[in-house]
Amino acid sequence: MQKNRGTLLITGFLLLGFTLLTACNKQTVYNHYEHMLLSGWEKNDTVNFCIPDLSEGGNYTEELGLRINSEYPFMGLQLLIEQEILPSHAIRLDTLSCSLIDNQGNSKGQGLNYYQYVFPLTTINLNKGDRLRISVRHDMKREILPGISDIGFRLTKSN
């Protein structure tokens, strides 16, 4: 009994130490998902994210999150991402190619009924007081894409 308790205590300290070490590398500033209608994401529908004034300047890592289910009909997804940095009004345009399904038909995401994906976008240098407006829309030939449940954006401060 004492031996099991000691092993549990050591395991707990190791997990706590690992968590503290990984938490110190990046600081999440913004992490938000927008829900989509499962009936379909229309080509002219834009998903918008507004990141408020940053409390400090520096390098920030941007990631796009995506959740789909088995109703999504393609192996990949093309996204157009427009970012406006305020107050300078600098605009950045990106195209993101998301590979979702491998050649054997297996999801590359995590999950069972809904699959979660995270795609790195870029590292961007921002100033204290900057804010971001991000717009995401799909660039697929099909007008309506079923099976996309959520689109998210995460901004983390890099050390």
# chains A, B, ... in the order shown; residues from 1 in each chain; ligands from 1
>>> select_by_dssp(residues="region 6-159 of chain A", states="strand (DSSP E or B)", output="PyMOL selection string")
chain A and resi 26-35+41-42+47-51+58-69+76-86+90-99+101+107+110+114-126+131-138+144-145+148-158
>>> residues_around(residues="region 40-57 of chain A", least_positions_apart="3", cutoff="7 Å", atoms="only C-alpha atoms", output="short mmCIF file (atom, residue, chain, number, x, y, z; two decimals) with N, CA and C atoms, in the first residue's frame")
data_model
loop_
_atom_site.label_atom_id
_atom_site.label_comp_id
_atom_site.auth_asym_id
_atom_site.auth_seq_id
_atom_site.Cartn_x
_atom_site.Cartn_y
_atom_site.Cartn_z
N TYR A 30 -5.67 34.38 -26.86
CA TYR A 30 -7.02 34.30 -27.43
C TYR A 30 -7.23 32.89 -27.93
N MET A 36 -20.67 26.45 -36.59
CA MET A 36 -21.21 26.51 -37.96
C MET A 36 -22.46 25.63 -38.03
N LEU A 37 -23.34 25.97 -38.94
CA LEU A 37 -24.50 25.11 -39.18
C LEU A 37 -24.03 23.85 -39.88
N LEU A 126 3.68 41.64 -33.08
CA LEU A 126 2.65 42.63 -32.78
C LEU A 126 3.13 43.55 -31.68
N ASN A 127 2.60 44.76 -31.67
CA ASN A 127 2.96 45.77 -30.67
C ASN A 127 1.93 45.81 -29.56
N LYS A 128 2.32 46.35 -28.43
CA LYS A 128 1.39 46.56 -27.34
C LYS A 128 0.26 47.46 -27.84
N GLY A 129 -0.98 47.09 -27.55
CA GLY A 129 -2.13 47.87 -27.98
C GLY A 129 -2.68 47.47 -29.34
N ASP A 130 -1.94 46.64 -30.10
CA ASP A 130 -2.47 46.16 -31.38
C ASP A 130 -3.67 45.26 -31.13
N ARG A 131 -4.55 45.22 -32.08
CA ARG A 131 -5.66 44.27 -32.06
C ARG A 131 -5.79 43.69 -33.46
N LEU A 132 -6.46 42.56 -33.55
CA LEU A 132 -6.57 41.84 -34.82
C LEU A 132 -8.03 41.60 -35.17
N ARG A 133 -8.30 41.68 -36.45
CA ARG A 133 -9.58 41.22 -37.02
C ARG A 133 -9.23 40.13 -38.02
N ILE A 134 -9.76 38.95 -37.80
CA ILE A 134 -9.48 37.81 -38.68
C ILE A 134 -10.78 37.38 -39.34
N SER A 135 -10.73 37.19 -40.65
CA SER A 135 -11.87 36.70 -41.42
C SER A 135 -11.46 35.41 -42.12
N VAL A 136 -12.31 34.38 -42.01
CA VAL A 136 -12.02 33.08 -42.62
C VAL A 136 -13.20 32.70 -43.50
N ARG A 137 -12.89 32.28 -44.73
CA ARG A 137 -13.93 31.75 -45.62
C ARG A 137 -13.33 30.60 -46.42
N HIS A 138 -14.20 29.73 -46.91
CA HIS A 138 -13.67 28.59 -47.66
C HIS A 138 -13.53 28.96 -49.14
N GLU A 143 -20.39 25.15 -53.45
CA GLU A 143 -20.92 26.35 -52.81
C GLU A 143 -21.23 26.15 -51.33
N ILE A 144 -21.75 24.97 -50.97
CA ILE A 144 -22.12 24.70 -49.58
C ILE A 144 -21.36 23.47 -49.11
N LEU A 145 -20.64 23.61 -47.98
CA LEU A 145 -19.88 22.50 -47.41
C LEU A 145 -20.57 21.99 -46.15
N PRO A 146 -21.15 20.78 -46.18
CA PRO A 146 -21.74 20.21 -44.97
C PRO A 146 -20.66 19.58 -44.09
N GLY A 147 -20.99 19.40 -42.80
CA GLY A 147 -20.13 18.63 -41.91
C GLY A 147 -19.07 19.41 -41.15
#
>>> residues_around(residues="Asn31 (chain A)", least_positions_apart="2", cutoff="10 Å", atoms="only C-alpha atoms", output="ChimeraX atom specification")
/A:28-29,33,49,51,62-65,152-156
>>> select_by_dssp(residues="chain A", states="alpha helix (DSSP H)", output="VMD selection string")
chain A and resid 2 to 23
>>> residues_around(residues="Lys108 (chain A)", least_positions_apart="4", cutoff="10 Å", atoms="only C-alpha atoms", output="JSON, numbers by chain")
{"A": [75, 99, 100, 101, 102, 115, 116, 117]}
